[in-house]
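Text of the file final26.pdb, holding PDB, C-alpha atoms:
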ATOM      1  CA  MET A 167     -28.352 -34.585  11.913  1.00  0.00           C
ATOM      2  CA  GLY A 168     -26.570 -31.910   9.886  1.00  0.00           C
ATOM      3  CA  LEU A 169     -22.868 -31.320  10.283  1.00  0.00           C
ATOM      4  CA  LEU A 170     -21.690 -28.037  11.711  1.00  0.00           C
ATOM      5  CA  CYS A 171     -19.840 -25.731   9.366  1.00  0.00           C
ATOM      6  CA  CYS A 172     -18.737 -22.170   9.806  1.00  0.00           C
ATOM      7  CA  LEU A 173     -17.978 -19.367   7.416  1.00  0.00           C
ATOM      8  CA  VAL A 174     -15.896 -16.849   9.261  1.00  0.00           C
ATOM      9  CA  THR A 175     -14.786 -13.305   8.656  1.00  0.00           C
ATOM     10  CA  SER A 176     -11.137 -12.350   8.478  1.00  0.00           C
ATOM     11  CA  CYS A 177      -9.555 -10.050  11.005  1.00  0.00           C
ATOM     12  CA  SER A 178      -6.066  -9.696  12.346  1.00  0.00           C
ATOM     13  CA  LYS A 179      -5.028 -10.315  15.948  1.00  0.00           C
ATOM     14  CA  ASP A 180      -3.673  -6.758  15.921  1.00  0.00           C
ATOM     15  CA  GLU A 181      -7.266  -5.501  15.689  1.00  0.00           C
ATOM     16  CA  GLU A 182      -8.353  -7.460  18.758  1.00  0.00           C
ATOM     17  CA  ASP A 183      -7.874  -6.956  22.450  1.00  0.00           C
ATOM     18  CA  GLU A 184      -5.471  -9.747  23.386  1.00  0.00           C
ATOM     19  CA  THR A 185      -5.652  -9.428  27.162  1.00  0.00           C
ATOM     20  CA  GLU A 186      -6.842 -13.009  27.669  1.00  0.00           C
ATOM     21  CA  ILE A 187      -6.466 -15.985  25.367  1.00  0.00           C
ATOM     22  CA  ASN A 188     -10.016 -17.057  26.236  1.00  0.00           C
ATOM     23  CA  THR A 189     -11.357 -13.919  24.578  1.00  0.00           C
ATOM     24  CA  TYR A 190     -10.977 -15.549  21.143  1.00  0.00           C
ATOM     25  CA  ASP A 191     -14.154 -15.152  19.118  1.00  0.00           C
ATOM     26  CA  LEU A 192     -15.157 -18.434  17.452  1.00  0.00           C
ATOM     27  CA  THR A 193     -16.790 -16.522  14.605  1.00  0.00           C
ATOM     28  CA  LYS A 194     -13.606 -14.766  13.470  1.00  0.00           C
ATOM     29  CA  VAL A 195     -10.422 -15.806  11.745  1.00  0.00           C
ATOM     30  CA  TYR A 196      -7.309 -14.616  13.500  1.00  0.00           C
ATOM     31  CA  GLU A 197      -4.538 -14.142  10.965  1.00  0.00           C
ATOM     32  CA  ILE A 198      -1.351 -15.671  12.374  1.00  0.00           C
ATOM     33  CA  ASN A 199       0.799 -14.941   9.331  1.00  0.00           C
ATOM     34  CA  GLU A 200       0.538 -14.890   5.542  1.00  0.00           C
ATOM     35  CA  ASN A 201      -0.511 -18.560   5.269  1.00  0.00           C
ATOM     36  CA  HIS A 202      -1.926 -19.460   8.702  1.00  0.00           C
ATOM     37  CA  ALA A 203      -5.223 -18.626  10.324  1.00  0.00           C
ATOM     38  CA  GLN A 204      -6.749 -19.605  13.637  1.00  0.00           C
ATOM     39  CA  VAL A 205     -10.397 -20.012  14.586  1.00  0.00           C
ATOM     40  CA  GLY A 206     -10.793 -20.700  18.291  1.00  0.00           C
ATOM     41  CA  GLY A 207      -8.223 -23.371  19.060  1.00  0.00           C
ATOM     42  CA  ILE A 208      -7.866 -24.747  15.528  1.00  0.00           C
ATOM     43  CA  VAL A 209      -5.017 -23.622  13.276  1.00  0.00           C
ATOM     44  CA  TYR A 210      -5.456 -23.786   9.489  1.00  0.00           C
ATOM     45  CA  GLU A 211      -2.786 -23.467   6.782  1.00  0.00           C
ATOM     46  CA  LEU A 212      -3.466 -22.055   3.331  1.00  0.00           C
ATOM     47  CA  THR A 213      -1.985 -24.451   0.764  1.00  0.00           C
ATOM     48  CA  ASN A 214      -2.433 -23.526  -2.901  1.00  0.00           C
ATOM     49  CA  ASP A 215      -6.184 -22.934  -3.232  1.00  0.00           C
ATOM     50  CA  HIS A 216      -7.491 -24.522  -0.001  1.00  0.00           C
ATOM     51  CA  PHE A 217      -6.998 -24.648   3.752  1.00  0.00           C
ATOM     52  CA  GLU A 218      -5.819 -27.637   5.768  1.00  0.00           C
ATOM     53  CA  VAL A 219      -6.318 -28.230   9.489  1.00  0.00           C
ATOM     54  CA  VAL A 220      -2.779 -28.214  10.825  1.00  0.00           C
ATOM     55  CA  THR A 221      -3.079 -28.434  14.573  1.00  0.00           C
ATOM     56  CA  HIS A 222      -4.962 -27.339  17.621  1.00  0.00           C
ATOM     57  CA  ASP A 223      -3.838 -25.167  20.486  1.00  0.00           C
ATOM     58  CA  ALA A 224      -4.611 -27.260  23.558  1.00  0.00           C
ATOM     59  CA  SER A 225      -4.595 -24.203  25.822  1.00  0.00           C
ATOM     60  CA  ILE A 226      -7.438 -22.753  23.772  1.00  0.00           C
ATOM     61  CA  CYS A 227      -9.204 -25.997  22.818  1.00  0.00           C
ATOM     62  CA  ILE A 228      -9.717 -26.899  26.452  1.00  0.00           C
ATOM     63  CA  ARG A 229     -11.966 -23.828  26.650  1.00  0.00           C
ATOM     64  CA  TYR A 230     -13.832 -24.690  23.422  1.00  0.00           C
ATOM     65  CA  LEU A 231     -14.122 -28.444  23.755  1.00  0.00           C
ATOM     66  CA  ASP A 232     -16.572 -29.218  20.982  1.00  0.00           C
ATOM     67  CA  GLN A 233     -15.702 -26.438  18.578  1.00  0.00           C
ATOM     68  CA  PRO A 234     -16.688 -27.230  14.978  1.00  0.00           C
ATOM     69  CA  ILE A 235     -14.117 -27.580  12.238  1.00  0.00           C
ATOM     70  CA  CYS A 236     -14.710 -24.984   9.535  1.00  0.00           C
ATOM     71  CA  SER A 237     -15.699 -26.104   6.051  1.00  0.00           C
ATOM     72  CA  GLU A 238     -14.801 -22.728   4.533  1.00  0.00           C
ATOM     73  CA  ILE A 239     -12.710 -19.787   5.662  1.00  0.00           C
ATOM     74  CA  LYS A 240     -12.865 -16.238   4.390  1.00  0.00           C
ATOM     75  CA  PHE A 241      -9.274 -15.087   4.504  1.00  0.00           C
ATOM     76  CA  LYS A 242      -7.938 -11.824   3.082  1.00  0.00           C
ATOM     77  CA  GLY A 243     -11.172 -11.237   1.182  1.00  0.00           C
ATOM     78  CA  LYS A 244     -11.413 -14.644  -0.491  1.00  0.00           C
ATOM     79  CA  VAL A 245     -13.348 -17.762   0.525  1.00  0.00           C
ATOM     80  CA  TYR A 246     -11.333 -20.993   0.635  1.00  0.00           C
ATOM     81  CA  LYS A 247     -12.580 -24.533   1.215  1.00  0.00           C
ATOM     82  CA  VAL A 248     -11.071 -26.649   3.989  1.00  0.00           C
ATOM     83  CA  THR A 249     -10.231 -30.020   2.422  1.00  0.00           C
ATOM     84  CA  THR A 250      -7.724 -31.782   4.667  1.00  0.00           C
ATOM     85  CA  ILE A 251      -7.031 -32.661   8.287  1.00  0.00           C
ATOM     86  CA  ARG A 252      -3.314 -33.298   8.690  1.00  0.00           C
ATOM     87  CA  SER A 253      -1.649 -36.067  10.686  1.00  0.00           C
ATOM     88  CA  ASN A 254      -1.788 -35.569  14.467  1.00  0.00           C
ATOM     89  CA  ALA A 255      -3.904 -32.423  14.075  1.00  0.00           C
ATOM     90  CA  PHE A 256      -6.049 -33.220  17.112  1.00  0.00           C
ATOM     91  CA  MET A 257      -3.564 -35.428  18.971  1.00  0.00           C
ATOM     92  CA  GLY A 258      -4.175 -35.335  22.707  1.00  0.00           C
ATOM     93  CA  ASN A 259      -7.174 -33.030  22.446  1.00  0.00           C
ATOM     94  CA  TYR A 260      -9.776 -33.035  25.247  1.00  0.00           C
ATOM     95  CA  VAL A 261     -12.668 -32.884  22.782  1.00  0.00           C
ATOM     96  CA  THR A 262     -15.648 -35.206  23.378  1.00  0.00           C
ATOM     97  CA  THR A 263     -17.314 -34.652  19.990  1.00  0.00           C
ATOM     98  CA  LEU A 264     -15.601 -33.941  16.670  1.00  0.00           C
ATOM     99  CA  ARG A 265     -17.666 -32.943  13.647  1.00  0.00           C
ATOM    100  CA  VAL A 266     -15.785 -33.118  10.370  1.00  0.00           C
ATOM    101  CA  PRO A 267     -17.863 -31.141   7.853  1.00  0.00           C
ATOM    102  CA  GLU A 268     -18.831 -32.303   4.377  1.00  0.00           C
ATOM    103  CA  GLY A 269     -16.198 -31.327   1.843  1.00  0.00           C
ATOM    104  CA  ILE A 270     -13.224 -32.440   3.899  1.00  0.00           C
ATOM    105  CA  SER A 271     -12.030 -35.470   1.982  1.00  0.00           C
ATOM    106  CA  ASN A 272      -8.503 -36.105   3.257  1.00  0.00           C
ATOM    107  CA  ILE A 273      -8.125 -37.135   6.876  1.00  0.00           C
ATOM    108  CA  ASN A 274      -4.505 -38.110   7.342  1.00  0.00           C
ATOM    109  CA  SER A 275      -3.093 -40.812   9.602  1.00  0.00           C
ATOM    110  CA  SER A 276      -3.303 -40.313  13.365  1.00  0.00           C
ATOM    111  CA  ALA A 277      -5.488 -37.222  12.913  1.00  0.00           C
ATOM    112  CA  PHE A 278      -7.441 -38.014  16.095  1.00  0.00           C
ATOM    113  CA  HIS A 279      -4.723 -40.020  17.879  1.00  0.00           C
ATOM    114  CA  TRP A 280      -4.870 -39.968  21.657  1.00  0.00           C
ATOM    115  CA  CYS A 281      -8.177 -38.081  21.926  1.00  0.00           C
ATOM    116  CA  LEU A 282      -8.822 -39.828  25.224  1.00  0.00           C
ATOM    117  CA  TYR A 283     -12.236 -38.236  25.828  1.00  0.00           C
ATOM    118  CA  LEU A 284     -13.619 -38.505  22.288  1.00  0.00           C
ATOM    119  CA  LYS A 285     -17.031 -40.192  22.378  1.00  0.00           C
ATOM    120  CA  ASP A 286     -18.615 -39.164  19.062  1.00  0.00           C
ATOM    121  CA  LEU A 287     -16.821 -38.715  15.747  1.00  0.00           C
ATOM    122  CA  TYR A 288     -18.818 -37.397  12.780  1.00  0.00           C
ATOM    123  CA  LEU A 289     -17.275 -38.176   9.383  1.00  0.00           C
ATOM    124  CA  PRO A 290     -18.584 -36.793   6.093  1.00  0.00           C
ATOM    125  CA  ALA A 291     -19.483 -38.890   3.065  1.00  0.00           C
ATOM    126  CA  SER A 292     -16.706 -36.962   1.287  1.00  0.00           C
ATOM    127  CA  THR A 293     -14.089 -38.916   3.304  1.00  0.00           C
ATOM    128  CA  LYS A 294     -11.812 -40.714   0.817  1.00  0.00           C
ATOM    129  CA  ALA A 295     -10.150 -43.211   3.185  1.00  0.00           C
ATOM    130  CA  LEU A 296      -9.608 -44.192   6.816  1.00  0.00           C
ATOM    131  CA  ASN A 297      -5.864 -43.909   7.245  1.00  0.00           C
ATOM    132  CA  ALA A 298      -3.475 -45.579   9.679  1.00  0.00           C
ATOM    133  CA  TYR A 299      -3.990 -44.973  13.401  1.00  0.00           C
ATOM    134  CA  LEU A 300      -6.850 -42.574  12.688  1.00  0.00           C
ATOM    135  CA  ILE A 301      -8.489 -43.227  16.078  1.00  0.00           C
ATOM    136  CA  ASN A 302      -5.544 -44.757  17.929  1.00  0.00           C
ATOM    137  CA  ASP A 303      -5.940 -44.581  21.737  1.00  0.00           C
ATOM    138  CA  CYS A 304      -9.448 -43.088  21.600  1.00  0.00           C
ATOM    139  CA  GLY A 305     -10.483 -45.191  24.584  1.00  0.00           C
ATOM    140  CA  GLN A 306     -13.915 -43.654  25.173  1.00  0.00           C
ATOM    141  CA  LEU A 307     -15.102 -43.662  21.562  1.00  0.00           C
ATOM    142  CA  GLN A 308     -18.741 -44.791  21.449  1.00  0.00           C
ATOM    143  CA  THR A 309     -19.970 -43.891  17.961  1.00  0.00           C
ATOM    144  CA  ILE A 310     -18.652 -42.997  14.533  1.00  0.00           C
ATOM    145  CA  HIS A 311     -21.432 -41.183  12.682  1.00  0.00           C
ATOM    146  CA  TYR A 312     -20.846 -41.526   8.947  1.00  0.00           C
ATOM    147  CA  ALA A 313     -22.858 -39.248   6.634  1.00  0.00           C
ATOM    148  CA  GLY A 314     -22.855 -41.810   3.830  1.00  0.00           C
ATOM    149  CA  THR A 315     -24.677 -45.113   3.488  1.00  0.00           C
ATOM    150  CA  LYS A 316     -23.674 -48.516   4.848  1.00  0.00           C
ATOM    151  CA  THR A 317     -22.640 -49.517   1.314  1.00  0.00           C
ATOM    152  CA  GLN A 318     -20.414 -46.432   1.040  1.00  0.00           C
ATOM    153  CA  TRP A 319     -18.859 -47.208   4.440  1.00  0.00           C
ATOM    154  CA  ASN A 320     -18.121 -50.794   3.444  1.00  0.00           C
ATOM    155  CA  LYS A 321     -16.474 -49.613   0.191  1.00  0.00           C
ATOM    156  CA  LEU A 322     -14.451 -46.896   1.939  1.00  0.00           C
ATOM    157  CA  PRO A 323     -10.743 -47.817   1.782  1.00  0.00           C
ATOM    158  CA  LYS A 324      -9.485 -48.572   5.292  1.00  0.00           C
ATOM    159  CA  ALA A 325      -5.886 -49.095   6.363  1.00  0.00           C
ATOM    160  CA  THR A 326      -5.588 -52.393   8.235  1.00  0.00           C
ATOM    161  CA  ASN A 327      -4.526 -50.455  11.309  1.00  0.00           C
ATOM    162  CA  TRP A 328      -6.972 -47.526  11.008  1.00  0.00           C
ATOM    163  CA  LYS A 329      -8.236 -48.213  14.535  1.00  0.00           C
ATOM    164  CA  GLY A 330      -4.730 -48.495  15.976  1.00  0.00           C
ATOM    165  CA  SER A 331      -5.005 -49.701  19.555  1.00  0.00           C
ATOM    166  CA  CYS A 332      -8.570 -48.417  20.012  1.00  0.00           C
ATOM    167  CA  LYS A 333     -10.203 -51.348  21.744  1.00  0.00           C
ATOM    168  CA  THR A 334     -13.642 -49.918  22.451  1.00  0.00           C
ATOM    169  CA  ASN A 335     -16.662 -51.526  20.837  1.00  0.00           C
ATOM    170  CA  PHE A 336     -17.891 -48.403  19.136  1.00  0.00           C
ATOM    171  CA  LYS A 337     -20.777 -48.493  16.714  1.00  0.00           C
ATOM    172  CA  ILE A 338     -20.845 -47.085  13.209  1.00  0.00           C
ATOM    173  CA  VAL A 339     -24.034 -45.232  12.403  1.00  0.00           C
ATOM    174  CA  CYS A 340     -24.677 -44.455   8.737  1.00  0.00           C
ATOM    175  CA  LYS A 341     -27.563 -42.470   7.291  1.00  0.00           C
ATOM    176  CA  ASP A 342     -29.373 -45.715   6.417  1.00  0.00           C
ATOM    177  CA  GLY A 343     -28.658 -47.688   9.586  1.00  0.00           C
ATOM    178  CA  THR A 344     -26.074 -49.070  11.984  1.00  0.00           C
ATOM    179  CA  ILE A 345     -23.264 -51.425  11.015  1.00  0.00           C
TER     180      ILE A 345
END
What is this structure when it is put down as structure tokens?
Amino acid sequence: MGLLCCLVTSCSKDEEDETEINTYDLTKVYEINENHAQVGGIVYELTNDHFEVVTHDASICIRYLDQPICSEIKFKGKVYKVTTIRSNAFMGNYVTTLRVPEGISNINSSAFHWCLYLKDLYLPASTKALNAYLINDCGQLQTIHYAGTKTQWNKLPKATNWKGSCKTNFKIVCKDGTI
């Protein structure tokens, strides 16, 4: 199964009709300020030459539960890669499926903390490490889908507490089988 990615076109909120927050177009970047953009309920920050997922807006994300994370964003006429998901970026989100696209390599600690309804987490082979409390309190997690091989998964650096208090017996499905 391929991972969802989106390449979006820049536009400013000033150009849009802002009568309802649920009128956000998931194919457009809404420029928040000089360094921040929003696509649906996900806020991205431009840092040097790339974007990082900073946070989500729960009031919007509840309307777009399984919205994909962008792998690239066209912002102010230039295309930038998204490389990082910051700590607590999706904390408390109602999402049931999260698809981290290939190219995102840094997923910081507690990135998916307290995603109580998360059942399926898709991680790219580009993931560099599983950091502390990555899936803490994800009580309904059933499957981590890893785009790499079982050997790559086993070699992937993992903090001793990467699962946090997640007590579910989730399975790890790699491209060459289940661990």
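Residues matched by the PyMOL selection byres ((chain A and resi 336) around 9) in this structure: Lys285, Gln306, Leu307, Gln308, Thr309, Ile310, Lys333, Thr334, Asn335, Lys337 and Ile338 of chain A.
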For a cut-off of 10 Å around (-4.0, -30.0, 14.0), file coordinates, pick out all residues using all atoms listed in the file and list them as a PyMOL selection string.
chain A and resi 207-211+218-224+251-257+259+277-278
Let's have the selection written as an mmCIF file, in the coordinates of the input, with C-alpha atoms.
data_model
loop_
_atom_site.group_PDB
_atom_site.id
_atom_site.type_symbol
_atom_site.label_atom_id
_atom_site.label_comp_id
_atom_site.auth_asym_id
_atom_site.auth_seq_id
_atom_site.Cartn_x
_atom_site.Cartn_y
_atom_site.Cartn_z
ATOM 1 C CA GLY A 207 -8.223 -23.371 19.060
ATOM 2 C CA ILE A 208 -7.866 -24.747 15.528
ATOM 3 C CA VAL A 209 -5.017 -23.622 13.276
ATOM 4 C CA TYR A 210 -5.456 -23.786 9.489
ATOM 5 C CA GLU A 211 -2.786 -23.467 6.782
ATOM 6 C CA GLU A 218 -5.819 -27.637 5.768
ATOM 7 C CA VAL A 219 -6.318 -28.230 9.489
ATOM 8 C CA VAL A 220 -2.779 -28.214 10.825
ATOM 9 C CA THR A 221 -3.079 -28.434 14.573
ATOM 10 C CA HIS A 222 -4.962 -27.339 17.621
ATOM 11 C CA ASP A 223 -3.838 -25.167 20.486
ATOM 12 C CA ALA A 224 -4.611 -27.260 23.558
ATOM 13 C CA ILE A 251 -7.031 -32.661 8.287
ATOM 14 C CA ARG A 252 -3.314 -33.298 8.690
ATOM 15 C CA SER A 253 -1.649 -36.067 10.686
ATOM 16 C CA ASN A 254 -1.788 -35.569 14.467
ATOM 17 C CA ALA A 255 -3.904 -32.423 14.075
ATOM 18 C CA PHE A 256 -6.049 -33.220 17.112
ATOM 19 C CA MET A 257 -3.564 -35.428 18.971
ATOM 20 C CA ASN A 259 -7.174 -33.030 22.446
ATOM 21 C CA ALA A 277 -5.488 -37.222 12.913
ATOM 22 C CA PHE A 278 -7.441 -38.014 16.095
#
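What separates CA of Asn302 in chain A from CA of Ser276 in chain A is a distance of 6.8 Å.
Residues in contact with Lys321 in chain A at 12 Å, where all atoms listed in the file are counted and same-chain residues fewer than 2 positions away are skipped, are listed as Ala291, Thr293, Lys294, Ala295, Leu296, Gly314, Thr315, Lys316, Thr317, Gln318, Trp319, Pro323 and Lys324 of chain A.
Near Leu289 in chain A, within 10 Å and counting all atoms listed in the file, sit Leu169, Leu264, Arg265, Val266, Pro267, Glu268, Ile270, Ser271, Ile273, Ile310, His311, Tyr312, Ala313, Gly314 and Cys340 of chain A; same-chain residues fewer than 6 positions away were not included.
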Picked residues, the PyMOL selection byres ((chain A and resi 200) around 12), as a ChimeraX atom specification
/A:178,196-199,201-204,210-213,241-242
Written selection (C-alpha atoms) as an mmCIF file, keeping the file's coordinate frame:
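Below you can see again-v4.cif, which holds the result:
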data_model
loop_
_atom_site.group_PDB
_atom_site.id
_atom_site.type_symbol
_atom_site.label_atom_id
_atom_site.label_comp_id
_atom_site.auth_asym_id
_atom_site.auth_seq_id
_atom_site.Cartn_x
_atom_site.Cartn_y
_atom_site.Cartn_z
ATOM 1 C CA SER A 178 -6.066 -9.696 12.346
ATOM 2 C CA TYR A 196 -7.309 -14.616 13.500
ATOM 3 C CA GLU A 197 -4.538 -14.142 10.965
ATOM 4 C CA ILE A 198 -1.351 -15.671 12.374
ATOM 5 C CA ASN A 199 0.799 -14.941 9.331
ATOM 6 C CA ASN A 201 -0.511 -18.560 5.269
ATOM 7 C CA HIS A 202 -1.926 -19.460 8.702
ATOM 8 C CA ALA A 203 -5.223 -18.626 10.324
ATOM 9 C CA GLN A 204 -6.749 -19.605 13.637
ATOM 10 C CA TYR A 210 -5.456 -23.786 9.489
ATOM 11 C CA GLU A 211 -2.786 -23.467 6.782
ATOM 12 C CA LEU A 212 -3.466 -22.055 3.331
ATOM 13 C CA THR A 213 -1.985 -24.451 0.764
ATOM 14 C CA PHE A 241 -9.274 -15.087 4.504
ATOM 15 C CA LYS A 242 -7.938 -11.824 3.082
#
Distance in Å - CA of Lys240 in chain A versus CA of Asn272 in chain A
20.4 Å
